[in-house]
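As structure tokens, the structure follows; a few thoughts come after it.
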Amino acid sequence: MRARLAKVLIMKKLTLGKILQSQGFGTKKSCHYMVLDGLVEVDGGLVDDVHAEFDPMEQGGLKFKVDGAAWIYHEYVYVALNKPAGVECSRRPKHHRGVLSLLPDQFTERDVQPVGRLDHDTTGLLLLSDDGNFIHAQSHPKRHVPKTYVATTQDPVTPELVAQLSAGVKLTDEPDPLAAQARQLSSHEIEITLDMGKYHQVKRMLTAAGHHCMALRRSAIGGLTVEALGLEEGGWTYLTPEQLGLLVAA
Ligand code: URA
């Protein structure tokens with residue numbers, strides 16, 4: 001963190017071509033030509049001087065437009081997406097469209113990746129970033145940031161199901177039973193909070209408890225909820241430092 005802060009403080013002025021390249025707009029050459037061709041505006045004014053330099057961190061992030069579209073410079077991208085069903089989180093999707101197709105192409109170019117994965121049919125909160133340290137820290141098994149899911153079950157939710165999940169159920173490839181916080185939300189909906197993320201964990205825990213999961217939605221990671229973010233399915237937003245601060249163990 002200290003190294004990162006130092007990097008920010010000594011951030012030099014850069015040409016617009018370099019700034020565009022860092023933000024995923026293409027190669028050095030193509031970004032150079034975007035400027036030369038008059039496609040780039042800064043603070044409301046056209047800049048076609050390829051030698052003009054700007055502080056990318058100016059006022060919390062340089063505001064610029066490319067071909068009329070507004071952007072703000074981000075050293076790293078931290079994004080929350082309300083993932084729809086039928087979308088794969090893998091980098092090379094095989095059977096469904098990839099999650100990065102829901103975000104600007106520039107994010108793929110700058111190697112933004114999902115932080116962990118949701119199944120193709122699971123909806124809800126997914127974080128994405130190009131900050132390797134953040135991805136590593138968030139994905140670390142010891143971090144225990146709780147993840148909350150809402151599962152729709154085929155059969156009615158019973159007090160026994162809630163008790164079973166809270167006490168722990170045995171999954172075939174796990175040495176010990178896995179427990180979760182669970183509470184009934186409605187006749188066929190149960191909220192399940194995990195502080196780890198084994199493969200298909202929610203669905204497998206429900207199966208182990210004799211229930212079938214018909215639909216699964218991740219509603220929260222730590223204290224960050226889809227509801228508070230106000231994201232429609234398929235919608236995304238940059239996360240503020242305050243929102244990033246909610247991604248902690250309870
Ligand atoms: N548990 C599952 O079974 N699937 C997910 O996508 C996430 C958690």
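Ordered as shown in the structure tokens, chains take letters A, B, and onward, while each chain numbers its residues from 1 and ligands are numbered from 1 in the order shown.
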Could you list, as a list in words, all residues that come within 6 Å of ligand 1? Count only C-alpha atoms and all ligand atoms.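 Sorted by chain and then by number, the residues are Leu118, Asp119, Thr122, His200, Gln201, Val202 and Lys203 of chain A.
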Could you give me, as JSON lines, a per-residue list for segment 161-241 of chain A showing, wherever an atom lies at most 10 Å from an atom of segment 127-140 of chain A, the closest pair of atoms and their distance in Å to one decimal, using only C-alpha atoms and sorting by chain then residue number from low to high?
{"residue": "A:Met196", "atom": "CA", "partner": "A:His140", "partner_atom": "CA", "distance": 9.2}
{"residue": "A:Gly197", "atom": "CA", "partner": "A:Ser139", "partner_atom": "CA", "distance": 9.0}
{"residue": "A:Ile221", "atom": "CA", "partner": "A:Leu127", "partner_atom": "CA", "distance": 9.0}
{"residue": "A:Trp236", "atom": "CA", "partner": "A:Leu127", "partner_atom": "CA", "distance": 9.5}
{"residue": "A:Thr237", "atom": "CA", "partner": "A:Leu127", "partner_atom": "CA", "distance": 9.9}
{"residue": "A:Tyr238", "atom": "CA", "partner": "A:Leu128", "partner_atom": "CA", "distance": 9.6}
{"residue": "A:Leu239", "atom": "CA", "partner": "A:Leu127", "partner_atom": "CA", "distance": 9.2}
When you draw a straight line from atom CA of Glu227 of chain A to atom CA of Asp111 of chain A, how long is it in Å?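 Straight-line distance from atom CA of Glu227 of chain A to atom CA of Asp111 of chain A works out to 27.3 Å.
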I want to know what sits within 10 Å of Gly61 of chain A, based on only C-alpha atoms, with residues of the same chain fewer than 6 positions away left out; could you give that as an MDAnalysis selection string? chainID A and resid 55 71:75
File of the preceding selection, C-alpha atoms, as an mmCIF file, in the first residue's frame:
data_model
loop_
_atom_site.group_PDB
_atom_site.id
_atom_site.type_symbol
_atom_site.label_atom_id
_atom_site.label_comp_id
_atom_site.auth_asym_id
_atom_site.auth_seq_id
_atom_site.Cartn_x
_atom_site.Cartn_y
_atom_site.Cartn_z
ATOM 1 C CA ASP A 55 -1.056 14.691 -14.885
ATOM 2 C CA TRP A 71 -13.703 8.666 -19.424
ATOM 3 C CA ILE A 72 -11.881 9.243 -16.160
ATOM 4 C CA TYR A 73 -8.308 8.037 -15.713
ATOM 5 C CA HIS A 74 -8.063 5.070 -13.332
ATOM 6 C CA GLU A 75 -4.677 3.761 -12.305
#
Excluding segment 82-95 of chain A and its own-chain neighbours fewer than 6 positions away, which residues fall within 7 Å of it when counting only C-alpha atoms? Please give them as number ranges by chain. A: 114, 117-126, 226, 231-236
Generate the output file for the selected residues, all heavy atoms, as a compact mmCIF listing (two decimals), in the first residue's frame.
# COMPACT_ATOMS: atom_id res chain seq x y z
N PRO A 114 -12.21 -11.25 -13.53
CA PRO A 114 -13.12 -11.48 -12.40
C PRO A 114 -12.34 -11.88 -11.16
O PRO A 114 -11.33 -12.57 -11.25
CB PRO A 114 -14.00 -12.65 -12.86
CG PRO A 114 -13.73 -12.85 -14.28
CD PRO A 114 -12.41 -12.23 -14.61
N ARG A 117 -15.05 -16.68 -9.17
CA ARG A 117 -16.01 -17.00 -10.24
C ARG A 117 -17.39 -17.29 -9.70
O ARG A 117 -17.54 -17.74 -8.57
CB ARG A 117 -15.54 -18.26 -10.98
CG ARG A 117 -14.33 -18.00 -11.82
CD ARG A 117 -13.99 -19.21 -12.63
NE ARG A 117 -12.79 -18.92 -13.42
CZ ARG A 117 -12.32 -19.69 -14.37
NH1 ARG A 117 -12.94 -20.83 -14.66
NH2 ARG A 117 -11.25 -19.37 -15.04
N LEU A 118 -18.36 -17.00 -10.53
CA LEU A 118 -19.73 -17.47 -10.28
C LEU A 118 -20.05 -18.45 -11.41
O LEU A 118 -19.56 -18.29 -12.54
CB LEU A 118 -20.72 -16.30 -10.31
CG LEU A 118 -20.62 -15.30 -9.16
CD1 LEU A 118 -21.58 -14.13 -9.40
CD2 LEU A 118 -20.90 -15.95 -7.82
N ASP A 119 -20.90 -19.43 -11.13
CA ASP A 119 -21.32 -20.36 -12.18
C ASP A 119 -22.03 -19.59 -13.30
O ASP A 119 -22.58 -18.51 -13.05
CB ASP A 119 -22.30 -21.41 -11.62
CG ASP A 119 -21.66 -22.25 -10.52
OD1 ASP A 119 -20.42 -22.34 -10.51
OD2 ASP A 119 -22.42 -22.78 -9.70
N HIS A 120 -22.10 -20.20 -14.47
CA HIS A 120 -22.72 -19.47 -15.60
C HIS A 120 -24.18 -19.13 -15.31
O HIS A 120 -24.69 -18.11 -15.76
CB HIS A 120 -22.60 -20.29 -16.90
CG HIS A 120 -23.52 -21.46 -16.96
ND1 HIS A 120 -24.81 -21.36 -17.44
CD2 HIS A 120 -23.37 -22.74 -16.58
CE1 HIS A 120 -25.39 -22.54 -17.35
NE2 HIS A 120 -24.54 -23.39 -16.83
N ASP A 121 -24.85 -19.97 -14.49
CA ASP A 121 -26.27 -19.70 -14.22
C ASP A 121 -26.48 -18.93 -12.91
O ASP A 121 -27.63 -18.67 -12.53
CB ASP A 121 -27.09 -21.00 -14.23
CG ASP A 121 -26.53 -22.05 -13.29
OD1 ASP A 121 -25.46 -21.82 -12.69
OD2 ASP A 121 -27.17 -23.11 -13.14
N THR A 122 -25.42 -18.60 -12.20
CA THR A 122 -25.55 -17.79 -10.98
C THR A 122 -25.54 -16.31 -11.36
O THR A 122 -24.75 -15.90 -12.20
CB THR A 122 -24.39 -18.10 -10.01
OG1 THR A 122 -24.41 -19.48 -9.68
CG2 THR A 122 -24.49 -17.28 -8.74
N THR A 123 -26.42 -15.57 -10.72
CA THR A 123 -26.49 -14.13 -10.99
C THR A 123 -25.91 -13.37 -9.78
O THR A 123 -25.59 -13.96 -8.76
CB THR A 123 -27.95 -13.68 -11.21
OG1 THR A 123 -28.69 -13.98 -10.02
CG2 THR A 123 -28.59 -14.40 -12.38
N GLY A 124 -25.80 -12.05 -9.92
CA GLY A 124 -25.46 -11.22 -8.76
C GLY A 124 -24.06 -10.64 -8.77
O GLY A 124 -23.41 -10.54 -9.81
N LEU A 125 -23.62 -10.31 -7.57
CA LEU A 125 -22.43 -9.45 -7.41
C LEU A 125 -21.13 -10.16 -7.78
O LEU A 125 -20.77 -11.18 -7.20
CB LEU A 125 -22.38 -8.98 -5.95
CG LEU A 125 -21.30 -7.96 -5.59
CD1 LEU A 125 -21.37 -6.73 -6.49
CD2 LEU A 125 -21.43 -7.55 -4.13
N LEU A 126 -20.44 -9.57 -8.74
CA LEU A 126 -19.13 -10.07 -9.16
C LEU A 126 -18.18 -8.88 -9.20
O LEU A 126 -18.52 -7.85 -9.77
CB LEU A 126 -19.23 -10.72 -10.55
CG LEU A 126 -17.94 -11.31 -11.10
CD1 LEU A 126 -17.55 -12.58 -10.33
CD2 LEU A 126 -18.07 -11.64 -12.58
N VAL A 226 -25.60 -5.72 -3.71
CA VAL A 226 -26.08 -5.33 -5.05
C VAL A 226 -27.16 -4.26 -4.90
O VAL A 226 -27.22 -3.31 -5.68
CB VAL A 226 -26.69 -6.54 -5.80
CG1 VAL A 226 -27.20 -6.14 -7.16
CG2 VAL A 226 -25.68 -7.65 -5.95
N LEU A 231 -27.63 -1.74 -8.90
CA LEU A 231 -27.29 -2.20 -10.25
C LEU A 231 -28.38 -3.09 -10.83
O LEU A 231 -28.79 -4.07 -10.21
CB LEU A 231 -25.98 -3.00 -10.21
CG LEU A 231 -24.70 -2.25 -9.90
CD1 LEU A 231 -23.55 -3.23 -9.76
CD2 LEU A 231 -24.41 -1.23 -10.99
N GLU A 232 -28.80 -2.79 -12.02
CA GLU A 232 -29.70 -3.66 -12.78
C GLU A 232 -28.90 -4.90 -13.19
O GLU A 232 -27.67 -4.83 -13.26
CB GLU A 232 -30.10 -2.98 -14.10
CG GLU A 232 -30.63 -1.61 -13.96
CD GLU A 232 -32.11 -1.58 -14.22
OE1 GLU A 232 -32.50 -2.06 -15.29
OE2 GLU A 232 -32.83 -1.10 -13.34
N GLU A 233 -29.58 -5.99 -13.55
CA GLU A 233 -28.84 -7.14 -14.06
C GLU A 233 -28.07 -6.75 -15.32
O GLU A 233 -28.64 -6.13 -16.22
CB GLU A 233 -29.79 -8.31 -14.35
CG GLU A 233 -29.68 -9.35 -13.27
CD GLU A 233 -30.43 -10.63 -13.58
OE1 GLU A 233 -30.48 -11.05 -14.76
OE2 GLU A 233 -30.96 -11.18 -12.63
N GLY A 234 -26.81 -7.08 -15.36
CA GLY A 234 -25.95 -6.71 -16.49
C GLY A 234 -25.29 -5.35 -16.30
O GLY A 234 -24.42 -4.98 -17.07
N GLY A 235 -25.71 -4.62 -15.26
CA GLY A 235 -25.13 -3.29 -15.02
C GLY A 235 -23.85 -3.37 -14.20
O GLY A 235 -23.63 -4.31 -13.46
N TRP A 236 -23.00 -2.36 -14.35
CA TRP A 236 -21.74 -2.34 -13.61
C TRP A 236 -21.43 -0.92 -13.16
O TRP A 236 -21.98 0.05 -13.69
CB TRP A 236 -20.59 -2.90 -14.46
CG TRP A 236 -20.25 -2.06 -15.66
CD1 TRP A 236 -20.82 -2.14 -16.89
CD2 TRP A 236 -19.29 -0.99 -15.74
NE1 TRP A 236 -20.28 -1.20 -17.73
CE2 TRP A 236 -19.32 -0.49 -17.05
CE3 TRP A 236 -18.38 -0.44 -14.82
CZ2 TRP A 236 -18.50 0.55 -17.46
CZ3 TRP A 236 -17.56 0.60 -15.23
CH2 TRP A 236 -17.63 1.08 -16.55
In Å, how far is it from atom CA of Gly230 of chain A to atom CA of Gln59 of chain A?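 Here the two named atoms are 26.0 Å from each other.
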Top pick for closest residue to Lys29 of chain A, considering A:Ala215, A:Leu14, A:Leu100, A:Val50 and counting only C-alpha atoms: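 When distances to Lys29 of chain A are compared using only C-alpha atoms, the smallest one comes from A:Val50.
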Going by DSSP on the backbone, which bits of segment 63-237 of chain A are strand (DSSP E or B)? Write them as a count of residues only, please. 62
Pick the closest to Pro241 of chain A from A:Pro177, A:Gly60, A:Pro159, A:Gly26: which is it, counting only C-alpha atoms?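 Of A:Pro177, A:Gly60, A:Pro159, A:Gly26, the one nearest Pro241 of chain A, counting only C-alpha atoms, is A:Gly60.
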Determine which residues of segment 77-227 of chain A receive a DSSP assignment of alpha helix (DSSP H), computed from the backbone, and state them as a PyMOL selection string. chain A and resi 105-109+132-139+159-167+201-208+226-227
Interatomic distance, atom CA of Ala163 of chain A to atom CA of Lys198 of chain A (Å, one decimal):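 Separation of atom CA of Ala163 of chain A and atom CA of Lys198 of chain A: 20.5 Å.
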Given only C-alpha atoms as the counted atoms, nearest of A:Lys63, A:Arg204, A:His212, A:Lys170 to His188 of chain A: A:His212
Find, counting only C-alpha atoms, the residue in A:Ala182, A:Asp176, A:Pro146, A:Thr193 that gets nearest to Leu246 of chain A. A:Pro146
A:Ala69, A:Val79, A:Ala151, A:Ala52: which is nearest Val112 of chain A, counting only C-alpha atoms?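 Answer, going by the shortest atom-to-atom distance: A:Val79.
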Hey, which of A:Leu103, A:Leu216, A:Ala80, A:Leu16 ends up closest to Ser30 of chain A? Count only C-alpha atoms. A:Leu16
Within 12 Å of Gly68 of chain A, counting only C-alpha atoms, which residues qualify if same-chain residues fewer than 2 places away don't, as a PyMOL selection string? chain A and resi 38-42+44-46+64-66+70-71
